[in-house]
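A.B. asks: Before I ask anything, here is the structure I am working with.
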Protein chains: 2
Amino acid sequence: MTFTLSKPASQPAVSKSSSTEYASLKQEVKVTFNYDVHFTRDLFNPDNPLLAQVLLATGEGTKKAIAFVDSGLPQQTEILAQIQAYSKCHSYALNLKPGSTLIAGGEAAKNNPQLVENLQKLISDAELCRHSYVIAVGGGAMLDLVGYAAATAHRGIRLIRVPTTVLGQCDSGVGVKNGINAFGKKNFLGTFAPPTLVLNDANFLTTLDDRNWRSGIAEAVKVALIKDAAFFDFIANHTEALVNRDLDTMQQIVYRCAKLHLDHIAGGDPFEMGSSRPLDFGHWAAHRIEYLSNYRLYHGEAVAIGICLDSTYSYLSGLITKQELNEILNLFKALGFRLYDAELSSHFTSPEHSRSLFRGLSEFQEHLGGELTLMLLATIGQGLEVHQVDLDKYRLAIMMLKEADL
Amino acid sequence: MTFTLSKPASQPAVSKSSSTEYASLKQEVKVTFNYDVHFTRDLFNPDNPLLAQVLLATGEGTKKAIAFVDSGLPQQTEILAQIQAYSKCHSYALNLKPGSTLIAGGEAAKNNPQLVENLQKLISDAELCRHSYVIAVGGGAMLDLVGYAAATAHRGIRLIRVPTTVLGQCDSGVGVKNGINAFGKKNFLGTFAPPTLVLNDANFLTTLDDRNWRSGIAEAVKVALIKDAAFFDFIANHTEALVNRDLDTMQQIVYRCAKLHLDHIAGGDPFEMGSSRPLDFGHWAAHRIEYLSNYRLYHGEAVAIGICLDSTYSYLSGLITKQELNEILNLFKALGFRLYDAELSSHFTSPEHSRSLFRGLSEFQEHLGGELTLMLLATIGQGLEVHQVDLDKYRLAIMMLKEADL
């Protein structure tokens with residue numbers, strides 16, 4: 001029997017000649033990821049059937065899982081015990097493996113690569129298969145860390161995120177990224193890996209201290225500013241309720257912000273293959289001053305300042321009006337945010353200095369790739385991308401913020 | 001201005017009551033990856049325009065890149081120098097950054113997590129952005145290692161694979177996986193991350209020693225057995241040419257095998273979310289005896305034995321005929337493969353023993369997740385999945401192989 005290789009007619013027949021050419025093969029790989037975001041309270045109370053239900057919905061039989069709880073949570077030990085009790089009560093759905101434990105959270109945890117290896121080893125020791133679950137309960141940094149370990153073990157174990165902060169519930173926790181810091185660069189290592197489930201338990205928000213309660217709202221303001229003027233007005237009209245820690249108001253904000261994020265991810269470029277990243281409005285400066293402040297500033301606090309900076313720059317560039325700028329700055333003030341931090345002025349010592357704010361621009365470009373692409377504001381509720389910046393205008397914006405913060 | 005949250009009509013209006021419920025949000029994320037596989041010779045000869053052309057095709061301007069060359073290659077230093085010369089000659093397309101270097105390859109490299117960190121640091125130091133390129137030139141293990149580092153730096157730098165082995169050019173190098181070994185488990189850490197380009201240079205195949213030349217053919221036989229009877233016959237009719245190292249015959253096999261792999265990936269479950277992995281025919285035992293032999297067996301040699309084992313088991317299960325089995329075993333013999341290795345008999349000491357072959361079945365299931373799913377043969381050219389195994393029949397198959405190998 002003979003076998004003839006299929007080749008384009010224009011190619012010569014296979015021969016002993018070294019000039020044989022083979023047509024290039026074009027490959028297209030399409031992958032679809034589905035995940036649900038559920039909103040509940042008292043998730044790990046055995047009387048709450050949600051977790052057992054969603055596990056069973058993924059297929060018959062008991063699901064193996066390991067749970068990691070952020071050691072920075074108040075009542076962390078109780079939460080872990082509660083999950084273990086839940087597993088016993090709902091053993092038809094959930095088989096919690098030994099090795100479930102407390103894990104360091106906060107930005108510092110993302111600077112320690114050993115923690116990733118520890119997590120990967122716990123997953124290996126628990127003999128979890130790729131269809132098993134890692135349940136991660138914690139703040140945004142801890143979810144990033146655990147998510148990275150889960151995404152790389154067996155090339156991806158199913159991840160259930162249970163974000164405990166405003167930021168986690170409305171922003172990073174519903175997204176498709178994970179990662180840790182390395183070589184002095186924020187989120188230098190990580191993957192794009194959608195979770196299998198996100199379970200937002202509002203009760204966790206009541207345990208936050210005031211700084212963490214407030215901090216996450218910055219991401220809601222961000223997405224409102226670039227996408228949804230009505231949502232911006234809603235936040236502006238509810239600053240008092242938020243300052244007074246009204247949980248229902250916060251739940252509305254979390255829900256709407258999560259939905260805007262999810263819609264953006266699904267409709268855009270989820271794995272960020274292009275150069276545009278609209279949701280990073282205000283973030284080039286935020287990441288930089290977070291780092292420069294040695295994480296004295298919380299992420300949301302840095303984001304608020306970054307948004308104020310890019311909004312002021314948008315005003316100076318003739319994009320938004322003075323009145324719009326004031327609305328933005330006043331909203332952050334009313335929520336209790338600072339508009340300025342001394343780290344913003346680090347460039348005044350020297351623009352070449354390793355502590356310069358503007359190094360954040362090149363790091364931002366390096367991380368995303370391609371052309372520098374910054375999101376500014378065309379108006380409240382609508383972003384506008386630019387590819388060039390005027391550093392003198394940024395210097396002026398910084399001075400204006402310093403004034404406004406007084 | 002008031003803002004009302006959109007909720008299903010059946011949900012109560014937002015109130016201060018803690019019973020407020022929010023509808024779950026359903027997310028669907030679709031991601032499309034495209035990559036071309038090109039076939040050429042003398043890729044890094046400045047007179048060969050292919051690399052410069054494909055880089056320019058991804059967008060205007062010079063592309064930043066770092067090159068890693070497998071230190072196990074003959075003339076590795078020359079290859080690196082050639083790439084540097086190519087970059088100088090085609091600087092309008094390629095800007096090779098300092099840090100390009102030789103990298104350990106071979107299975108042992110996949111056991112050393114420090115190598116991943118070294119690679120990530122080289123990528124960081126070169127200030128590569130996410131749209132820059134990592135060019136990896138080497139065997140399958142080295143490509144797995146470098147691919148993992150590239151996939152996690154900035155959550156994924158573009159990867160150009162230049163596989164130098166038969167195995168790499170026709171199988172792993174055109175696929176969507178990367179990874180390293182950890183905690184005693186093969187490929188325990190890694191990601192699914194399609195390359196941006198695969199450049200198969202046939203000249204590299206002429207530099208392989210006989211074991212490596214032969215070894216990669218095992219994957220071609222594998223994919224022929226489960227998918228393409230005509231391709232099986234082609235290989236069977238060309239064993240002499242292959243043993244005599246006829247490059248044109250090998251190129252045909254590499255091309256056809258690569259195409260079958262690419263078609264399978266595109267048409268199936270590229271990120272292996274289900275439990276089925278047809279392309280792993282023969283691999284549960286192969287991975288295990290590779291490990292048990294402390295990598296004395298090359299991957300392809302272990303795969304040949306694994307295929308012979310699962311083919312014999314298919315015969316004993318009444319699936320393929322004795323004649324078909326003999327055709328398969330004779331093909332491997334004619335190519336110079338062994339059909340049996342003493343590691344197969346490790347279970348005779350004790351089935352519970354840590355050196356048992358059959359531990360490979362549970363490790364295989366753990367890695368893939370879900371129900372045990374093994375590919376057997378219905379006939380030459382057609383696989384058949386089963387979910388249960390009879391270990392006694394496997395023991396018999398092992399004894400038959402030991403006989404047949406004499």
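Ordering of the structure tokens sets the chain letters (A, B, ...), residue numbers begin anew at 1 in every chain, and ligands are numbered from 1 in the order given.
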Report as a short mmCIF file (atom, residue, chain, number, x, y, z; two decimals) with N, CA and C atoms, in the first residue's frame all protein, DNA and RNA residues lying within 10 Å of Tyr86 of chain A, evaluated on only C-alpha atoms, omitting residues in the same chain fewer than 5 positions from it.

C.D. replies:
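Final output, saved to selection.cif:
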data_model
loop_
_atom_site.label_atom_id
_atom_site.label_comp_id
_atom_site.auth_asym_id
_atom_site.auth_seq_id
_atom_site.Cartn_x
_atom_site.Cartn_y
_atom_site.Cartn_z
N LEU A 43 -22.11 31.70 53.79
CA LEU A 43 -21.85 30.64 52.81
C LEU A 43 -21.56 29.29 53.44
N PHE A 44 -20.77 29.30 54.52
CA PHE A 44 -20.31 28.02 55.09
C PHE A 44 -21.19 27.53 56.24
N ASN A 45 -22.32 28.19 56.46
CA ASN A 45 -23.30 27.66 57.40
C ASN A 45 -23.90 26.40 56.79
N PRO A 46 -23.86 25.28 57.49
CA PRO A 46 -24.38 24.03 56.91
C PRO A 46 -25.82 24.16 56.41
N ASP A 47 -26.56 25.14 56.93
CA ASP A 47 -27.94 25.33 56.46
C ASP A 47 -28.00 26.01 55.10
N ASN A 48 -26.87 26.56 54.65
CA ASN A 48 -26.85 27.23 53.34
C ASN A 48 -26.48 26.18 52.28
N PRO A 49 -27.40 25.81 51.42
CA PRO A 49 -27.12 24.70 50.49
C PRO A 49 -26.30 25.12 49.26
N LEU A 51 -23.20 26.04 48.28
CA LEU A 51 -21.94 25.42 47.88
C LEU A 51 -22.15 23.97 47.45
N ALA A 52 -22.91 23.22 48.24
CA ALA A 52 -23.18 21.82 47.88
C ALA A 52 -23.91 21.74 46.54
N LEU A 80 -12.18 28.13 58.91
CA LEU A 80 -11.66 26.84 58.46
C LEU A 80 -12.45 25.69 59.10
N ALA A 81 -12.73 25.84 60.38
CA ALA A 81 -13.50 24.79 61.07
C ALA A 81 -14.91 24.70 60.48
N SER A 91 -21.39 15.74 52.86
CA SER A 91 -20.35 14.83 52.33
C SER A 91 -20.76 14.21 51.00
N LEU A 94 -19.22 17.24 48.93
CA LEU A 94 -17.90 17.82 49.19
C LEU A 94 -17.08 16.91 50.10
N ASN A 95 -15.90 16.56 49.64
CA ASN A 95 -14.97 15.76 50.43
C ASN A 95 -13.71 16.59 50.65
N LEU A 96 -13.68 17.26 51.79
CA LEU A 96 -12.55 18.15 52.07
C LEU A 96 -11.34 17.32 52.49
#

A.B. asks: Using only C-alpha atoms and a distance of at most 7 Å, pull out the residues of chain A that contact chain B, as a count of residues only.

C.D. replies: 49

A.B. asks: Near Ser100 of chain B, counting only C-alpha atoms, which residues have an atom at most 9 Å away, once you skip same-chain residues fewer than 5 positions from it, shown as a list in words?

C.D. replies: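 Counting only C-alpha atoms, the residues come to Ala65, Ile66, Ala67, Phe68, Val69, Leu80, Gln84, Leu122 and Ala126 of chain B.
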
A.B. asks: Enter the distance from atom CA of Met375 of chain B to atom CA of Lys227 of chain B, in Å, rounded to one decimal.

C.D. replies: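 Interatomic distance, atom CA of Met375 of chain B to atom CA of Lys227 of chain B: 11.7 Å.
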
A.B. asks: I'd like the neighbourhood of Gly381 of chain A as a list in words, where a residue qualifies if any of its atoms comes within 6 Å (using only C-alpha atoms), though same-chain residues fewer than 3 positions away should be ignored.

C.D. replies: Ala224, Leu225, Ile226, Lys227, Asp228 and Ala229 of chain A

A.B. asks: Atoms to include: C-alpha atoms. Write the selected residues as a PDB file, in the first residue's frame.

C.D. replies:
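Result file result-v9.pdb:
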ATOM      1  CA  ALA A 224     -18.269  53.759  36.785  1.00  0.00           C
ATOM      2  CA  LEU A 225     -16.063  56.580  35.497  1.00  0.00           C
ATOM      3  CA  ILE A 226     -15.037  54.781  32.327  1.00  0.00           C
ATOM      4  CA  LYS A 227     -18.277  52.935  31.605  1.00  0.00           C
ATOM      5  CA  ASP A 228     -21.391  53.981  33.472  1.00  0.00           C
ATOM      6  CA  ALA A 229     -22.333  57.560  34.417  1.00  0.00           C
TER       7      ALA A 229
END

A.B. asks: Could you give me, as number ranges by chain, the residues within 6 Å of segment 329-342 of chain B, counting only C-alpha atoms and dropping anything in the same chain fewer than 4 positions from it?

C.D. replies: B: 236, 239, 305, 401-402, 405

A.B. asks: When you count only C-alpha atoms, which of these residues is closest to Asp392 of chain B: B:Leu325, B:Leu316, B:Val166, B:Leu279?

C.D. replies: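 Among the listed residues, the smallest separation from Asp392 of chain B belongs to B:Leu316.
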
A.B. asks: Write out as a list in words each polymer residue whose atoms come within 9 Å of Glu107 of chain A, counting only C-alpha atoms; drop sequence neighbours fewer than 6 positions from it.

C.D. replies: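 Here the answer would be Gly140, Ala141, Met142, Ile180, Asn181, Tyr295, Tyr298 and His299 of chain A.
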
A.B. asks: Give me every helix (DSSP H, G or I) residue in segment 291-387 of chain A, going by DSSP on the backbone, as a PyMOL selection string.

C.D. replies: chain A and resi 291-292+299-316+322-335+342-348+359-368

A.B. asks: For Ala302 of chain A, find every residue with an atom within 8 Å (counting only C-alpha atoms), except residues of its own chain fewer than 5 positions away, and show them as a PyMOL selection string.

C.D. replies: chain A and resi 285-287+289-290+297

A.B. asks: What is the distance, in Å and to one decimal place, between atom CA of Ile398 of chain A and atom CA of Ser317 of chain A?

C.D. replies: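 Interatomic distance here is 13.9 Å.
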
A.B. asks: Just to confirm, what's the straight-line distance from atom CA of Asp390 of chain B to atom CA of Ser311 of chain B in Å (one decimal)?

C.D. replies: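 Rounded to one decimal, the two atoms are 14.1 Å apart.
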